[in-house]
file query_8.cif (mmCIF, N, CA and C atoms)
data_run
loop_
_atom_site.label_atom_id
_atom_site.label_comp_id
_atom_site.auth_asym_id
_atom_site.auth_seq_id
_atom_site.Cartn_x
_atom_site.Cartn_y
_atom_site.Cartn_z
N MET A 146 0.83 -1.19 0.00
CA MET A 146 0.00 0.00 0.00
C MET A 146 0.87 1.26 0.00
N ARG A 147 1.95 1.21 0.77
CA ARG A 147 2.84 2.36 0.85
C ARG A 147 3.49 2.65 -0.50
N LYS A 148 3.92 1.58 -1.20
CA LYS A 148 4.54 1.75 -2.51
C LYS A 148 3.53 2.32 -3.51
N PHE A 149 2.31 1.87 -3.42
CA PHE A 149 1.27 2.35 -4.32
C PHE A 149 1.03 3.85 -4.10
N THR A 150 0.98 4.26 -2.84
CA THR A 150 0.77 5.67 -2.52
C THR A 150 1.94 6.52 -3.01
N LEU A 151 3.15 6.02 -2.83
CA LEU A 151 4.34 6.74 -3.30
C LEU A 151 4.33 6.85 -4.82
N LEU A 152 4.00 5.77 -5.50
CA LEU A 152 3.93 5.78 -6.96
C LEU A 152 2.86 6.76 -7.44
N LEU A 153 1.72 6.76 -6.78
CA LEU A 153 0.64 7.67 -7.14
C LEU A 153 1.07 9.13 -6.94
N ALA A 154 1.77 9.40 -5.85
CA ALA A 154 2.25 10.75 -5.58
C ALA A 154 3.24 11.20 -6.65
N LEU A 155 4.13 10.30 -7.06
CA LEU A 155 5.09 10.63 -8.11
C LEU A 155 4.41 10.89 -9.44
N LEU A 156 3.40 10.09 -9.76
CA LEU A 156 2.68 10.28 -11.01
C LEU A 156 1.93 11.61 -11.03
N VAL A 157 1.44 12.02 -9.89
CA VAL A 157 0.73 13.30 -9.81
C VAL A 157 1.71 14.46 -10.01
N MET A 158 2.97 14.31 -9.54
CA MET A 158 3.96 15.38 -9.64
C MET A 158 4.55 15.52 -11.04
N VAL A 159 4.55 14.47 -11.85
CA VAL A 159 5.18 14.52 -13.17
C VAL A 159 4.56 15.59 -14.06
N PRO A 160 3.24 15.67 -14.22
CA PRO A 160 2.70 16.74 -15.08
C PRO A 160 3.04 18.14 -14.56
N THR A 161 3.10 18.31 -13.26
CA THR A 161 3.43 19.61 -12.69
C THR A 161 4.85 20.01 -13.07
N ALA A 162 5.78 19.08 -13.01
CA ALA A 162 7.17 19.36 -13.38
C ALA A 162 7.27 19.67 -14.86
N VAL A 163 6.53 18.96 -15.69
CA VAL A 163 6.54 19.19 -17.13
C VAL A 163 5.96 20.57 -17.44
N GLU A 164 4.88 20.94 -16.78
CA GLU A 164 4.27 22.26 -16.98
C GLU A 164 5.22 23.38 -16.55
N ALA A 165 5.92 23.17 -15.44
CA ALA A 165 6.87 24.18 -14.97
C ALA A 165 8.00 24.37 -15.98
N GLN A 166 8.49 23.27 -16.55
CA GLN A 166 9.54 23.36 -17.56
C GLN A 166 9.04 24.10 -18.80
N ALA A 167 7.81 23.84 -19.21
CA ALA A 167 7.23 24.51 -20.38
C ALA A 167 7.08 26.01 -20.11
N ARG A 168 6.68 26.38 -18.89
CA ARG A 168 6.56 27.80 -18.55
C ARG A 168 7.92 28.48 -18.59
N ARG A 169 8.95 27.80 -18.10
CA ARG A 169 10.29 28.36 -18.11
C ARG A 169 10.78 28.61 -19.54
N GLN A 170 10.43 27.74 -20.46
CA GLN A 170 10.87 27.89 -21.84
C GLN A 170 10.14 29.02 -22.55
N ARG A 171 8.95 29.39 -22.09
CA ARG A 171 8.18 30.46 -22.73
C ARG A 171 8.66 31.84 -22.34
N VAL A 172 9.42 31.96 -21.26
CA VAL A 172 9.91 33.26 -20.82
C VAL A 172 10.93 33.75 -21.83
N PRO A 173 10.73 34.93 -22.43
CA PRO A 173 11.66 35.39 -23.46
C PRO A 173 13.00 35.78 -22.86
N ASP A 174 14.04 35.55 -23.62
CA ASP A 174 15.39 35.95 -23.23
C ASP A 174 15.46 37.48 -23.31
N PRO A 175 15.96 38.16 -22.27
CA PRO A 175 15.99 39.62 -22.30
C PRO A 175 16.84 40.17 -23.45
N ASP A 176 17.84 39.43 -23.88
CA ASP A 176 18.67 39.85 -25.01
C ASP A 176 18.88 38.65 -25.93
N PRO A 177 18.08 38.54 -26.99
CA PRO A 177 18.18 37.36 -27.85
C PRO A 177 19.54 37.19 -28.52
N GLN A 178 20.32 38.28 -28.63
CA GLN A 178 21.65 38.15 -29.24
C GLN A 178 22.71 37.71 -28.23
N HIS A 179 22.35 37.61 -26.96
CA HIS A 179 23.26 37.19 -25.88
C HIS A 179 24.52 38.06 -25.84
N ARG A 180 24.32 39.37 -25.98
CA ARG A 180 25.45 40.29 -25.92
C ARG A 180 25.81 40.55 -24.47
N ALA A 181 27.07 40.65 -24.21
CA ALA A 181 27.54 40.98 -22.86
C ALA A 181 27.82 42.48 -22.78
N THR A 182 27.56 43.06 -21.63
CA THR A 182 27.90 44.47 -21.40
C THR A 182 29.20 44.50 -20.62
N ASP A 183 30.22 45.09 -21.21
CA ASP A 183 31.55 45.04 -20.61
C ASP A 183 31.85 46.21 -19.67
N TRP A 184 31.26 47.36 -19.91
CA TRP A 184 31.53 48.57 -19.13
C TRP A 184 33.01 48.91 -19.15
N VAL A 185 33.59 48.91 -20.34
CA VAL A 185 35.01 49.17 -20.51
C VAL A 185 35.28 50.67 -20.43
N PRO A 186 36.21 51.10 -19.57
CA PRO A 186 36.53 52.53 -19.51
C PRO A 186 37.16 52.99 -20.83
N LEU A 187 36.80 54.18 -21.27
CA LEU A 187 37.35 54.73 -22.51
C LEU A 187 38.42 55.76 -22.20
N SER A 188 39.37 55.89 -23.11
CA SER A 188 40.41 56.90 -22.92
C SER A 188 39.94 58.27 -23.43
N GLN A 189 38.93 58.28 -24.32
CA GLN A 189 38.43 59.55 -24.85
C GLN A 189 37.45 60.19 -23.87
N SER A 190 37.45 61.50 -23.89
CA SER A 190 36.46 62.23 -23.09
C SER A 190 35.18 62.37 -23.91
N MET A 191 34.14 62.83 -23.28
CA MET A 191 32.87 63.04 -23.97
C MET A 191 33.03 64.08 -25.08
N THR A 192 33.81 65.12 -24.83
CA THR A 192 34.05 66.15 -25.84
C THR A 192 34.73 65.55 -27.07
N GLU A 193 35.72 64.70 -26.84
CA GLU A 193 36.41 64.05 -27.97
C GLU A 193 35.46 63.17 -28.76
N LEU A 194 34.59 62.44 -28.06
CA LEU A 194 33.62 61.59 -28.76
C LEU A 194 32.65 62.42 -29.59
N LEU A 195 32.15 63.52 -29.01
CA LEU A 195 31.22 64.38 -29.76
C LEU A 195 31.91 65.01 -30.97
N ASN A 196 33.16 65.42 -30.81
CA ASN A 196 33.91 65.98 -31.93
C ASN A 196 34.18 64.94 -33.02
N ALA A 197 34.19 63.65 -32.63
CA ALA A 197 34.42 62.57 -33.60
C ALA A 197 33.13 62.14 -34.28
N GLY A 198 32.00 62.79 -33.97
CA GLY A 198 30.75 62.50 -34.66
C GLY A 198 29.74 61.70 -33.87
N TRP A 199 30.04 61.36 -32.61
CA TRP A 199 29.07 60.65 -31.78
C TRP A 199 27.91 61.59 -31.47
N LYS A 200 26.73 61.05 -31.26
CA LYS A 200 25.51 61.83 -30.97
C LYS A 200 24.97 61.47 -29.59
N ILE A 201 24.45 62.48 -28.89
CA ILE A 201 23.78 62.25 -27.60
C ILE A 201 22.36 61.78 -27.90
N ILE A 202 21.99 60.60 -27.36
CA ILE A 202 20.63 60.10 -27.58
C ILE A 202 19.80 60.11 -26.30
N SER A 203 20.45 60.32 -25.15
CA SER A 203 19.72 60.36 -23.89
C SER A 203 20.57 61.10 -22.86
N HIS A 204 19.91 61.78 -21.94
CA HIS A 204 20.64 62.46 -20.87
C HIS A 204 19.76 62.59 -19.64
N THR A 205 20.40 62.76 -18.51
CA THR A 205 19.68 63.00 -17.26
C THR A 205 20.60 63.79 -16.33
N ASN A 206 20.01 64.53 -15.43
CA ASN A 206 20.79 65.18 -14.39
C ASN A 206 20.02 65.07 -13.08
N TYR A 207 20.76 65.04 -12.00
CA TYR A 207 20.12 64.96 -10.68
C TYR A 207 21.01 65.66 -9.67
N ARG A 208 20.39 66.12 -8.63
CA ARG A 208 21.09 66.85 -7.57
C ARG A 208 20.98 66.05 -6.28
N THR A 209 22.12 65.84 -5.64
CA THR A 209 22.09 65.14 -4.36
C THR A 209 21.84 66.15 -3.26
N GLU A 210 21.03 65.76 -2.31
CA GLU A 210 20.71 66.66 -1.20
C GLU A 210 21.30 66.16 0.11
N MET A 211 22.16 65.14 0.00
CA MET A 211 22.75 64.58 1.22
C MET A 211 23.86 65.47 1.77
N TYR A 212 24.53 66.18 0.87
CA TYR A 212 25.68 66.97 1.28
C TYR A 212 25.45 68.44 1.00
N ASN A 213 26.10 69.26 1.75
CA ASN A 213 26.01 70.68 1.53
C ASN A 213 27.39 71.17 1.13
N PRO A 214 27.64 71.81 0.07
CA PRO A 214 26.65 72.25 -0.91
C PRO A 214 26.18 71.07 -1.77
N ASN A 215 24.98 71.22 -2.30
CA ASN A 215 24.42 70.18 -3.16
C ASN A 215 25.28 70.05 -4.42
N THR A 216 25.55 68.81 -4.79
CA THR A 216 26.31 68.58 -6.02
C THR A 216 25.39 68.01 -7.07
N GLU A 217 25.68 68.34 -8.31
CA GLU A 217 24.87 67.84 -9.41
C GLU A 217 25.67 66.81 -10.19
N SER A 218 24.97 65.84 -10.75
CA SER A 218 25.58 64.83 -11.59
C SER A 218 24.80 64.74 -12.88
N PHE A 219 25.51 64.50 -13.95
CA PHE A 219 24.90 64.37 -15.27
C PHE A 219 25.35 63.06 -15.89
N SER A 220 24.46 62.41 -16.62
CA SER A 220 24.85 61.23 -17.39
C SER A 220 24.27 61.34 -18.79
N PHE A 221 25.03 60.84 -19.75
CA PHE A 221 24.66 60.92 -21.16
C PHE A 221 24.89 59.56 -21.80
N ILE A 222 24.01 59.17 -22.71
CA ILE A 222 24.24 58.00 -23.56
C ILE A 222 24.53 58.53 -24.95
N LEU A 223 25.67 58.12 -25.50
CA LEU A 223 26.10 58.53 -26.83
C LEU A 223 26.11 57.32 -27.75
N THR A 224 25.91 57.55 -29.04
CA THR A 224 26.01 56.47 -30.03
C THR A 224 26.68 56.98 -31.30
N ASN A 225 27.32 56.05 -31.99
CA ASN A 225 27.85 56.37 -33.32
C ASN A 225 27.13 55.52 -34.37
N GLY A 226 26.02 54.93 -34.02
CA GLY A 226 25.23 54.11 -34.93
C GLY A 226 25.18 52.66 -34.52
N ASP A 227 26.34 52.07 -34.19
CA ASP A 227 26.34 50.66 -33.79
C ASP A 227 26.99 50.42 -32.44
N ARG A 228 27.55 51.46 -31.83
CA ARG A 228 28.15 51.34 -30.50
C ARG A 228 27.50 52.36 -29.58
N TYR A 229 27.50 52.07 -28.28
CA TYR A 229 26.91 52.96 -27.28
C TYR A 229 27.91 53.21 -26.17
N VAL A 230 27.88 54.43 -25.63
CA VAL A 230 28.79 54.83 -24.56
C VAL A 230 27.98 55.59 -23.51
N LEU A 231 28.27 55.33 -22.24
CA LEU A 231 27.66 56.05 -21.13
C LEU A 231 28.72 56.98 -20.56
N CYS A 232 28.43 58.27 -20.51
CA CYS A 232 29.37 59.26 -19.96
C CYS A 232 28.74 59.91 -18.74
N MET A 233 29.56 60.10 -17.69
CA MET A 233 29.09 60.71 -16.45
C MET A 233 29.95 61.91 -16.11
N ILE A 234 29.31 62.96 -15.65
CA ILE A 234 30.01 64.16 -15.19
C ILE A 234 29.46 64.46 -13.80
N ASP A 235 30.35 64.46 -12.80
CA ASP A 235 29.94 64.75 -11.43
C ASP A 235 30.41 66.14 -11.03
N ASP A 236 29.50 66.90 -10.43
CA ASP A 236 29.80 68.22 -9.89
C ASP A 236 30.56 69.09 -10.89
N PRO A 237 29.94 69.38 -12.03
CA PRO A 237 30.66 70.14 -13.06
C PRO A 237 30.91 71.59 -12.67
N VAL A 238 32.04 72.07 -13.07
CA VAL A 238 32.39 73.48 -12.91
C VAL A 238 32.46 74.06 -14.32
N MET A 239 31.92 75.22 -14.52
CA MET A 239 31.87 75.82 -15.86
C MET A 239 33.26 75.82 -16.51
N ASN A 240 33.34 75.29 -17.71
CA ASN A 240 34.56 75.24 -18.53
C ASN A 240 35.69 74.43 -17.91
N ASN A 241 35.42 73.61 -16.92
CA ASN A 241 36.47 72.81 -16.30
C ASN A 241 35.90 71.48 -15.82
N SER A 242 35.27 70.74 -16.71
CA SER A 242 34.64 69.47 -16.34
C SER A 242 35.32 68.33 -17.07
N THR A 243 35.51 67.24 -16.37
CA THR A 243 36.06 66.03 -16.98
C THR A 243 35.01 64.94 -16.91
N SER A 244 34.74 64.32 -18.04
CA SER A 244 33.74 63.26 -18.07
C SER A 244 34.43 61.91 -17.95
N LYS A 245 33.70 60.94 -17.41
CA LYS A 245 34.17 59.56 -17.34
C LYS A 245 33.24 58.76 -18.23
N CYS A 246 33.78 58.10 -19.25
CA CYS A 246 32.95 57.38 -20.22
C CYS A 246 33.24 55.89 -20.18
N ARG A 247 32.19 55.10 -20.37
CA ARG A 247 32.31 53.65 -20.40
C ARG A 247 31.58 53.12 -21.62
N ALA A 248 32.19 52.16 -22.30
CA ALA A 248 31.55 51.53 -23.45
C ALA A 248 30.47 50.58 -22.96
N LEU A 249 29.32 50.60 -23.62
CA LEU A 249 28.23 49.71 -23.23
C LEU A 249 28.22 48.43 -24.05
N ASN A 250 28.96 48.36 -25.13
CA ASN A 250 29.02 47.12 -25.92
C ASN A 250 30.33 47.07 -26.69
#
call {"tool": "encode", "arguments": {"input": "query_8.cif", "output": "structure tokens"}}
result
Amino acid sequence: MRKFTLLLALLVMVPTAVEAQARRQRVPDPDPQHRATDWVPLSQSMTELLNAGWKIISHTNYRTEMYNPNTESFSFILTNGDRYVLCMIDDPVMNNSTSKCRALN
């Protein structure tokens, strides 16, 4: 009787496991090309990239209120058509800002 109950319990669990596997396979891959994001630091500044023909496609700025005086930070996404770069500028001073850029692919 015990073996029969165990066998019955296993048989009941098999369709559940198969359904779970089918659900897992239906979840789309977030990046079908399986590209890795390297976040490689670039030697060029944002100004050099813009002078080389890169275009700004997105930007944001925010001000931190944790410290006094408040500092502002800016981030930009640049592209040259097939490559993307993220550039950040923290606490910019007029005509004396250095950007830090990272390649996104």
call {"tool": "closest_residue", "arguments": {"input": "query_8.cif", "among": "A:Ile222, A:Met233, A:Ile202, A:Cys246", "to": "Leu187 in chain A", "atoms": "only N, CA and C atoms"}}
result
A:Cys246
call {"tool": "atom_distance", "arguments": {"input": "query_8.cif", "atom1": "CA of Lys200 in chain A", "atom2": "atom C of Glu217 in chain A"}}
result
21.4 Å
call {"tool": "atom_distance", "arguments": {"input": "query_8.cif", "atom1": "CA of Gly226 in chain A", "atom2": "atom C of Trp199 in chain A"}}
result
8.7 Å
call {"tool": "residues_near_point", "arguments": {"input": "query_8.cif", "point": "(35.4, 55.7, -21.3)", "cutoff": "8 Å", "atoms": "all atoms listed in the file", "output": "list in words"}}
result
Trp184, Val185, Pro186, Leu187, Ser188, Gln189, Ser190, Met191, Val230, Leu231, Cys232, Ser244, Lys245, Cys246, Arg247 and Ala248 of chain A
call {"tool": "atom_distance", "arguments": {"input": "query_8.cif", "atom1": "CA of Ser220 in chain A", "atom2": "CA of Thr205 in chain A"}}
result
5.5 Å
